Amino acid sequence: MTPTSWQRWRRRSVGRRRFPALLGTLVLGATVVLTAAQPAAAATPWLTVSDGFVSFRVPAADLESAFGAVSNVVVEGDFGPSFAVADLGLGRSGDAWTSVIGPLRPGLYRYRIRADGTKLLKDPTNATTVASDPTWSTFLVPGESASLLTDVPAGQGGALGTVDYRAGSGQTRSVTVWTPPGYDVRRQHPYPVLYLQGSRSDWLDLGRARQILDNLAVRRRIEPMVVVLGDGSTADLHQELYAIDRAVRRKYIIARDPAHRALAGASAGGTEVLRTVLTHPGEFAYAGSFAGPLTDGHLRIDGRAVNAGTRLLRLYAGNVTDPAYNPTHGTLRLLDRSGVRHDFDGVNPDDGHTWNAWRENLVDFLPRLFRPVHDHRPSAGHLPLTREFTTPAAGSRPTPWLTRDANGDTFVTVETGTEFAGAGRVTLWGNWAPGGSWVNVPLTRTGDRWRGTVGPLKPWFYYYKFIVDLVSHKDIGNPTHITTEPTWSTFLAPGRAARPLTDVPTGQGGTLATLTYTSTVVAAERTAYVWTPPGYDPARAEPYPVLYLQHGGGQNYTDWVEMGRAKQILDNGFRDGTHVPMVVVMGNGNVPDFGKELLDNIVPAARAAYHVSPDPARQALAGLSMGGFQALDILKAHPGEFAYIGTFSAGVFNSTGFDVGAVNSGTKLLRMYTGNVTDFVYPIVLSTMATFDSLGIRYEFAGVTPGPHGWDAWQKNLIDFAPRLFRSDGG
């Protein structure tokens with residue numbers, strides 16, 4: 001959305017580094033997986049984390065060494081809504097592929113590099129590993145809410161050991177055993193024991209089970225216990241547990257009595273836990289199922305026996321993006337019908353079927369073991385599960401379909417047509433990453449269509465498109481359209497925060513019309529949008545003040561209406577009484593000489609067609625990105641022509657040529673905006689303000705707008721800027 005001159009600014013020249021020697025290549029279907037040797041300690045990291053913002057810089061030479069020439073590179077990681085795995089697109093900048101995302105919530109994340117859709121690569125500069133899939137690496141975003149995921153000081157935590165056992169299948173298998181700090185081999189009373197099911201390596205690499213146990217133990221929030229991490233994947237968990245228990249007791253002092261035995265697991269492991277405790281009641285006094293509902297609705301359950309032998313049965317579930325959501329609803333009803341006492345932690349509104357959710361589940365579950373617990377309520381902020389989540393039948397139109405939860409957040413479900421039935425990979429690109437950044441969430445093939453649900457989305461305006469085997473496509477079931485981005489579709493997630501972007505009641509808004517004018521710069525007829533306030537009177541004694549509102553590079557006069565929601569913002573501001581009645585002209589800035597286009601063509605045409613003031617004190621000029629750079633060019637070349645100037649993600653490259661006295665005397669308000677560090681113009685804006693400080697040019701800085709170089713920020717900028725214009729009280 002910016003012209004070539006500052007696109008070039010983004011490119012940096014840095015030294016080229018060779019890719020470490022590849023250890024091997026694994027082909028999985030159409031996907032090529034490459035694993036790399038660990039780099040030398042001096043290798044520059046591909047990933048850096050600072051204040052919750054995560055920057056990726058992948059040297060192009062390294063990718064070329066691994067794959068040959070590539071044209072599309074993404075980072076695949078669990079930083080989508082609900083911690084869903086999503087693709088963050090990288091852009092080529094000089095000799096590297098780069099991007100920034102954030103701020104991410106504190107927690108553990110996994111990621112890998114995906115090139116040209118099918119080529120996967122582990123980050124060789126990151127020493128972390130995920131044993132179950134060597135293409136993944138992890139990183140931790142620090143913060144108070146993630147403090148239990150950090151390593152405790154050396155010597156303060158528990159210990160890990162390994163025990164081999166003979167499984168029922170005749171195979172020799174292993175479990176990992178965590179013992180608490182101060183574990184005493186001569187202890188008179190055996191330690192209570194928790195059997196934690198699932199992949200033991202995943203519980204350690206992704207679940208951070210060791211760190212969670214260590215931190216809770218150090219903080220004395222759990223009873224001293226032994227935790228046995230198994231691998232699951234067995235046809236008969238009950239029989240497997242008997243073999244595990246017998247082997248572990250040979251090496252560790254653990255309790256045999258059911259009152260000091262617990263069983264928990266996530267996903268399929270949680271399902272096995274439920275089946276085991278319900279069909280073999282009384283063997284484990286404590287049980288937890290983390291998004292692992294029953295899959296057999298006809299299971300025979302003796303409710304009295306279960307209640308007699310179970311002190312705690314606690315179930316957990318994610319939001320509607322969790323495939324366990326509906327089955328958990330059915331499981332809860334089955335337990336109710338069977339008379340089984342149970343706790344439900346409630347629906348986690350911010351998480352789906354993810355390790356982030358299961359880490360939180362483990363943190364909630366562990367302190368409830370082997371001690372009296374009186375609080376059986378759901379975790380704070382969790383929601384009831386009163387009905388199943390349903391979506392329309394295949395082929396229903398129009399799309400997308402919006403669902404709101406009890407918090408007022410929106411989940412959006414989309415579906416492709418049948419034209420992509422033969423596609424290999426389909427993702428949904430949209431502005432649902434932190435601050436309005438863009439990520440692709442993979443869709444799932446459902447029959448001859450692809451479908452997916454994304455959320456929770458806070459109330460705001462969203463835009464999206466399908467990426468089908470790396471090619472962009474529009475959701476043809478969505479009637480919205482964007483002139484300059486024909487593959488985009490839009491929707492509004494309703495709610496109080498989105499009110500400035502919402503249509504006002506019929507008859508209460510202003511009028512949007514088109515204005516045709518002749519451009520002497522490009523020798524062509526051109527079009528502008530013009531918004532006039534409700535009650536606009538062309539015969540009014542006093543001309544209306546006027547704001548000239550400019551778009552960015554690659555856009556045109558339609559974008560402030562179709563993407564910026566300018567009409568809705570202006571309508572709501574007028575209705576609320578926060579805006580001075582004004583006329584807003586949105587012209588076409590795609591010309592080689594914007595100053596001439598504006599002053600010789602757009603402004604005269606607006607004055608001829610509308611009752612607007614020629615007084616500089618009653619004229620304002622604002623723009624986003626390229627339009628903001630153009631506004632500053634006008635300020636330099638024609639100081640005092642517009643008393644109000646607003647720049648959204650824009651600055652200056654050249655500090656010379658400003659008539660500081662004329663700028664200050666002729667400008668009532670120069671207000672500057674920028675997105676956060678994910679906005680690539682952010683350093684230019686900071687540099688521009690430093691330049692203005694040194695020159696003595698007066699300006700206001702609106703502060704950092706959360707978000708990238710995108711519409712989420714620019715909409716907020718207009719919402720803030722418009723009420724400050726033409727006010728006799730100084731705003």
# chains A, B, ... in the order shown; residues from 1 in each chain; ligands from 1

$ closest_atom_pairs --of "range 649-730 of chain A" --to "range 605-619 of chain A" --cutoff "12 Å" --atoms "only C-alpha atoms" --output "tab-separated table"
residue	atom	partner	partner_atom	distance
A:Ser665	CA	A:Ala617	CA	11.0
A:Gly666	CA	A:Ala617	CA	8.1
A:Thr667	CA	A:Ala617	CA	8.2
A:Lys668	CA	A:Ala617	CA	7.8
A:Leu669	CA	A:Ala617	CA	10.3
A:Leu725	CA	A:Arg618	CA	8.7
A:Phe726	CA	A:Arg618	CA	6.4
A:Arg727	CA	A:Arg618	CA	9.8
A:Ser728	CA	A:Ala617	CA	11.1

$ write_last_selection --atoms "N, CA, C and O atoms" --output "tab-separated table (two decimals), in the first residue's frame"
chain	number	residue	atom	x	y	z
A	665	SER	N	2.75	28.82	11.72
A	665	SER	CA	1.74	29.87	11.75
A	665	SER	C	0.48	29.48	10.99
A	665	SER	O	-0.62	29.95	11.32
A	666	GLY	N	0.63	28.63	9.98
A	666	GLY	CA	-0.52	28.30	9.14
A	666	GLY	C	-1.18	26.98	9.49
A	666	GLY	O	-2.18	26.62	8.85
A	667	THR	N	-0.67	26.27	10.47
A	667	THR	CA	-1.20	24.95	10.80
A	667	THR	C	-1.74	24.95	12.22
A	667	THR	O	-0.99	25.17	13.18
A	668	LYS	N	-3.02	24.70	12.35
A	668	LYS	CA	-3.63	24.60	13.67
A	668	LYS	C	-3.38	23.24	14.30
A	668	LYS	O	-3.28	23.12	15.52
A	669	LEU	N	-3.34	22.21	13.47
A	669	LEU	CA	-3.15	20.86	13.99
A	669	LEU	C	-2.38	20.04	12.97
A	669	LEU	O	-2.80	19.90	11.82
A	725	LEU	N	-11.32	18.25	14.23
A	725	LEU	CA	-11.27	19.22	13.14
A	725	LEU	C	-12.27	20.36	13.33
A	725	LEU	O	-13.43	20.13	13.74
A	726	PHE	N	-11.82	21.57	13.02
A	726	PHE	CA	-12.67	22.76	12.84
A	726	PHE	C	-13.45	23.11	14.10
A	726	PHE	O	-14.55	23.67	14.02
A	727	ARG	N	-12.89	22.83	15.25
A	727	ARG	CA	-13.60	23.10	16.50
A	727	ARG	C	-13.15	24.43	17.06
A	727	ARG	O	-11.96	24.70	17.21
A	728	SER	N	-14.12	25.26	17.42
A	728	SER	CA	-13.80	26.55	18.01
A	728	SER	C	-13.28	26.41	19.42
A	728	SER	O	-12.59	27.29	19.94

$ residues_around --residues "Tyr252 in chain A" --least-positions-apart "3" --cutoff "8 Å" --atoms "only C-alpha atoms" --output "ChimeraX atom specification"
/A:185,248-249

$ select_by_dssp --residues "range 362-528 of chain A" --states "strand (DSSP E or B)" --output "number ranges by chain"
A: 383, 401-404, 410-415, 426-430, 439-442, 444-446, 449-457, 460-468, 471-473, 489-493, 511-519, 524-528

$ closest_residue --among "A:Val530, A:Leu515, A:Ala247, A:Leu718" --to "Ile569 in chain A" --atoms "only C-alpha atoms"
A:Leu718

$ atom_distance --atom1 "CA of Gly510 in chain A" --atom2 "CA of Leu632 in chain A"
28.8 Å

$ atom_distance --atom1 "CA of Ile634 in chain A" --atom2 "CA of Pro723 in chain A"
22.2 Å

$ residues_around --residues "Ser132 in chain A" --least-positions-apart "3" --cutoff "10 Å" --atoms "only C-alpha atoms" --output "compact mmCIF listing (two decimals) with N, CA, C and O atoms, in the first residue's frame"
# COMPACT_ATOMS: atom_id res chain seq x y z
N THR A 129 13.56 -28.61 20.45
CA THR A 129 13.11 -29.70 19.60
C THR A 129 11.72 -30.16 20.03
O THR A 129 11.31 -29.97 21.18
N THR A 135 10.25 -31.17 12.58
CA THR A 135 10.22 -29.91 11.82
C THR A 135 9.89 -28.71 12.71
O THR A 135 10.06 -27.57 12.29
N TRP A 136 9.40 -28.97 13.93
CA TRP A 136 8.96 -27.87 14.79
C TRP A 136 10.07 -27.41 15.72
O TRP A 136 10.90 -28.19 16.16
N SER A 199 1.14 -38.37 24.59
CA SER A 199 2.53 -38.54 24.20
C SER A 199 3.42 -37.93 25.27
O SER A 199 3.36 -36.73 25.52
N ARG A 200 4.24 -38.75 25.92
CA ARG A 200 5.09 -38.21 27.00
C ARG A 200 6.07 -37.18 26.47
O ARG A 200 6.37 -36.20 27.14
N SER A 201 6.58 -37.37 25.24
CA SER A 201 7.50 -36.38 24.70
C SER A 201 6.78 -35.07 24.42
O SER A 201 7.31 -33.98 24.66
N ASP A 202 5.53 -35.15 23.94
CA ASP A 202 4.77 -33.92 23.71
C ASP A 202 4.43 -33.23 25.03
O ASP A 202 4.42 -31.99 25.11
N ASP A 205 7.78 -31.53 25.67
CA ASP A 205 8.23 -30.54 24.70
C ASP A 205 7.22 -29.42 24.48
O ASP A 205 7.59 -28.26 24.31

$ residues_around --residues "His298 in chain A" --least-positions-apart "6" --cutoff "12 Å" --atoms "only C-alpha atoms" --output "PyMOL selection string"
chain A and resi 275+330-331+334-335+337-338

$ write_last_selection --atoms "N, CA, C and O atoms" --output "mmCIF file, in the first residue's frame"
data_model
loop_
_atom_site.group_PDB
_atom_site.id
_atom_site.type_symbol
_atom_site.label_atom_id
_atom_site.label_comp_id
_atom_site.auth_asym_id
_atom_site.auth_seq_id
_atom_site.Cartn_x
_atom_site.Cartn_y
_atom_site.Cartn_z
ATOM 1 N N ARG A 275 -13.010 -43.339 29.753
ATOM 2 C CA ARG A 275 -13.499 -44.711 29.573
ATOM 3 C C ARG A 275 -12.979 -45.616 30.689
ATOM 4 O O ARG A 275 -13.714 -46.475 31.207
ATOM 5 N N GLY A 330 -22.221 -33.709 24.726
ATOM 6 C CA GLY A 330 -22.884 -34.997 24.852
ATOM 7 C C GLY A 330 -22.400 -35.788 26.052
ATOM 8 O O GLY A 330 -23.193 -36.461 26.728
ATOM 9 N N THR A 331 -21.100 -35.726 26.331
ATOM 10 C CA THR A 331 -20.543 -36.441 27.481
ATOM 11 C C THR A 331 -21.107 -35.906 28.787
ATOM 12 O O THR A 331 -21.461 -36.682 29.701
ATOM 13 N N LEU A 334 -24.523 -37.243 29.215
ATOM 14 C CA LEU A 334 -24.491 -38.658 29.563
ATOM 15 C C LEU A 334 -24.157 -38.851 31.038
ATOM 16 O O LEU A 334 -24.777 -39.678 31.729
ATOM 17 N N LEU A 335 -23.185 -38.095 31.539
ATOM 18 C CA LEU A 335 -22.833 -38.199 32.955
ATOM 19 C C LEU A 335 -23.995 -37.774 33.837
ATOM 20 O O LEU A 335 -24.251 -38.384 34.894
ATOM 21 N N ARG A 337 -27.197 -38.012 33.068
ATOM 22 C CA ARG A 337 -28.213 -39.072 33.022
ATOM 23 C C ARG A 337 -27.800 -40.287 33.835
ATOM 24 O O ARG A 337 -28.653 -40.989 34.405
ATOM 25 N N SER A 338 -26.493 -40.521 33.907
ATOM 26 C CA SER A 338 -25.995 -41.683 34.645
ATOM 27 C C SER A 338 -25.831 -41.404 36.126
ATOM 28 O O SER A 338 -25.469 -42.307 36.892
#

$ closest_residue --among "A:Ala43, A:Gly422, A:Ala167, A:Asp296" --to "Ser233 in chain A" --atoms "only C-alpha atoms"
A:Ala167

$ closest_residue --among "A:Trp432, A:Trp46, A:Tyr316, A:Trp178" --to "Phe83 in chain A" --atoms "only C-alpha atoms"
A:Trp432

$ residues_around --residues "Gly102 in chain A" --least-positions-apart "3" --cutoff "12 Å" --atoms "only C-alpha atoms" --output "PyMOL selection string"
chain A and resi 48-56+79-80+88+99+105-106+141+432-439+675-679+706-708

$ select_by_dssp --residues "range 332-446 of chain A" --states "alpha helix (DSSP H)" --output "ChimeraX atom specification"
/A:332-338,355-365

$ write_last_selection --atoms "C-alpha atoms" --output "tab-separated table (two decimals), in the first residue's frame"
chain	number	residue	atom	x	y	z
A	332	LEU	CA	-21.76	-34.01	30.13
A	333	ARG	CA	-25.38	-34.95	29.38
A	334	LEU	CA	-24.49	-38.66	29.56
A	335	LEU	CA	-22.83	-38.20	32.96
A	336	ASP	CA	-25.88	-36.30	34.18
A	337	ARG	CA	-28.21	-39.07	33.02
A	338	SER	CA	-26.00	-41.68	34.65
A	355	TRP	CA	-1.45	-27.43	23.91
A	356	ASN	CA	-1.98	-23.97	25.33
A	357	ALA	CA	-5.40	-25.09	26.60
A	358	TRP	CA	-4.07	-28.36	27.95
A	359	ARG	CA	-1.24	-26.62	29.81
A	360	GLU	CA	-3.87	-24.44	31.48
A	361	ASN	CA	-5.93	-27.54	32.24
A	362	LEU	CA	-2.94	-29.21	33.90
A	363	VAL	CA	-2.30	-26.10	36.01
A	364	ASP	CA	-5.91	-26.14	37.17
A	365	PHE	CA	-6.02	-29.90	37.79

$ residues_around --residues "Ser489 in chain A" --least-positions-apart "6" --cutoff "9 Å" --atoms "only C-alpha atoms" --output "PyMOL selection string"
chain A and resi 462-465+474-476+478-482

$ write_last_selection --atoms "N, CA, C and O atoms" --output "PDB file, in the first residue's frame"
ATOM      1  N   TYR A 462     -13.630  -7.040   9.585  1.00  0.00           N
ATOM      2  CA  TYR A 462     -12.677  -8.056   9.140  1.00  0.00           C
ATOM      3  C   TYR A 462     -12.775  -8.258   7.632  1.00  0.00           C
ATOM      4  O   TYR A 462     -13.831  -8.060   7.027  1.00  0.00           O
ATOM      5  N   TYR A 463     -11.649  -8.663   7.072  1.00  0.00           N
ATOM      6  CA  TYR A 463     -11.603  -8.966   5.644  1.00  0.00           C
ATOM      7  C   TYR A 463     -10.791 -10.237   5.452  1.00  0.00           C
ATOM      8  O   TYR A 463      -9.891 -10.549   6.234  1.00  0.00           O
ATOM      9  N   TYR A 464     -11.121 -10.981   4.402  1.00  0.00           N
ATOM     10  CA  TYR A 464     -10.520 -12.301   4.248  1.00  0.00           C
ATOM     11  C   TYR A 464     -10.560 -12.730   2.785  1.00  0.00           C
ATOM     12  O   TYR A 464     -11.249 -12.137   1.950  1.00  0.00           O
ATOM     13  N   LYS A 465      -9.832 -13.807   2.490  1.00  0.00           N
ATOM     14  CA  LYS A 465      -9.859 -14.443   1.179  1.00  0.00           C
ATOM     15  C   LYS A 465      -9.404 -15.887   1.344  1.00  0.00           C
ATOM     16  O   LYS A 465      -8.777 -16.251   2.349  1.00  0.00           O
ATOM     17  N   LYS A 474     -11.714 -15.316  -4.133  1.00  0.00           N
ATOM     18  CA  LYS A 474     -12.762 -14.679  -3.345  1.00  0.00           C
ATOM     19  C   LYS A 474     -13.773 -15.703  -2.852  1.00  0.00           C
ATOM     20  O   LYS A 474     -13.997 -16.725  -3.502  1.00  0.00           O
ATOM     21  N   ASP A 475     -14.393 -15.408  -1.727  1.00  0.00           N
ATOM     22  CA  ASP A 475     -15.542 -16.173  -1.261  1.00  0.00           C
ATOM     23  C   ASP A 475     -16.745 -15.707  -2.077  1.00  0.00           C
ATOM     24  O   ASP A 475     -17.332 -14.662  -1.802  1.00  0.00           O
ATOM     25  N   ILE A 476     -17.093 -16.481  -3.095  1.00  0.00           N
ATOM     26  CA  ILE A 476     -18.164 -16.054  -3.995  1.00  0.00           C
ATOM     27  C   ILE A 476     -19.523 -16.109  -3.310  1.00  0.00           C
ATOM     28  O   ILE A 476     -20.510 -15.576  -3.842  1.00  0.00           O
ATOM     29  N   ASN A 478     -20.047 -14.599  -0.515  1.00  0.00           N
ATOM     30  CA  ASN A 478     -20.145 -13.354   0.238  1.00  0.00           C
ATOM     31  C   ASN A 478     -20.360 -12.218  -0.746  1.00  0.00           C
ATOM     32  O   ASN A 478     -19.516 -11.968  -1.610  1.00  0.00           O
ATOM     33  N   PRO A 479     -21.484 -11.497  -0.647  1.00  0.00           N
ATOM     34  CA  PRO A 479     -21.780 -10.456  -1.642  1.00  0.00           C
ATOM     35  C   PRO A 479     -20.926  -9.206  -1.527  1.00  0.00           C
ATOM     36  O   PRO A 479     -20.953  -8.367  -2.438  1.00  0.00           O
ATOM     37  N   THR A 480     -20.172  -9.037  -0.443  1.00  0.00           N
ATOM     38  CA  THR A 480     -19.339  -7.836  -0.327  1.00  0.00           C
ATOM     39  C   THR A 480     -18.214  -7.874  -1.350  1.00  0.00           C
ATOM     40  O   THR A 480     -17.793  -8.939  -1.801  1.00  0.00           O
ATOM     41  N   HIS A 481     -17.720  -6.700  -1.718  1.00  0.00           N
ATOM     42  CA  HIS A 481     -16.616  -6.638  -2.672  1.00  0.00           C
ATOM     43  C   HIS A 481     -15.729  -5.446  -2.362  1.00  0.00           C
ATOM     44  O   HIS A 481     -16.170  -4.450  -1.779  1.00  0.00           O
ATOM     45  N   ILE A 482     -14.458  -5.566  -2.759  1.00  0.00           N
ATOM     46  CA  ILE A 482     -13.476  -4.502  -2.609  1.00  0.00           C
ATOM     47  C   ILE A 482     -12.919  -4.226  -4.008  1.00  0.00           C
ATOM     48  O   ILE A 482     -12.333  -5.118  -4.634  1.00  0.00           O
TER      49      ILE A 482
END

$ atom_distance --atom1 "CA of His579 in chain A" --atom2 "CA of Asn601 in chain A"
26.8 Å

$ residues_around --residues "Val373 in chain A" --least-positions-apart "5" --cutoff "12 Å" --atoms "only C-alpha atoms" --output "list of chain:residue names"
A:Ile222, A:Tyr286, A:Arg311, A:Leu312, A:Asp343, A:Asp364, A:Phe365, A:Leu366, A:Pro367, A:Arg368

$ closest_residue --among "A:Thr328, A:Thr403, A:Gln550, A:Asn348" --to "Ala631 in chain A" --atoms "only C-alpha atoms"
A:Gln550
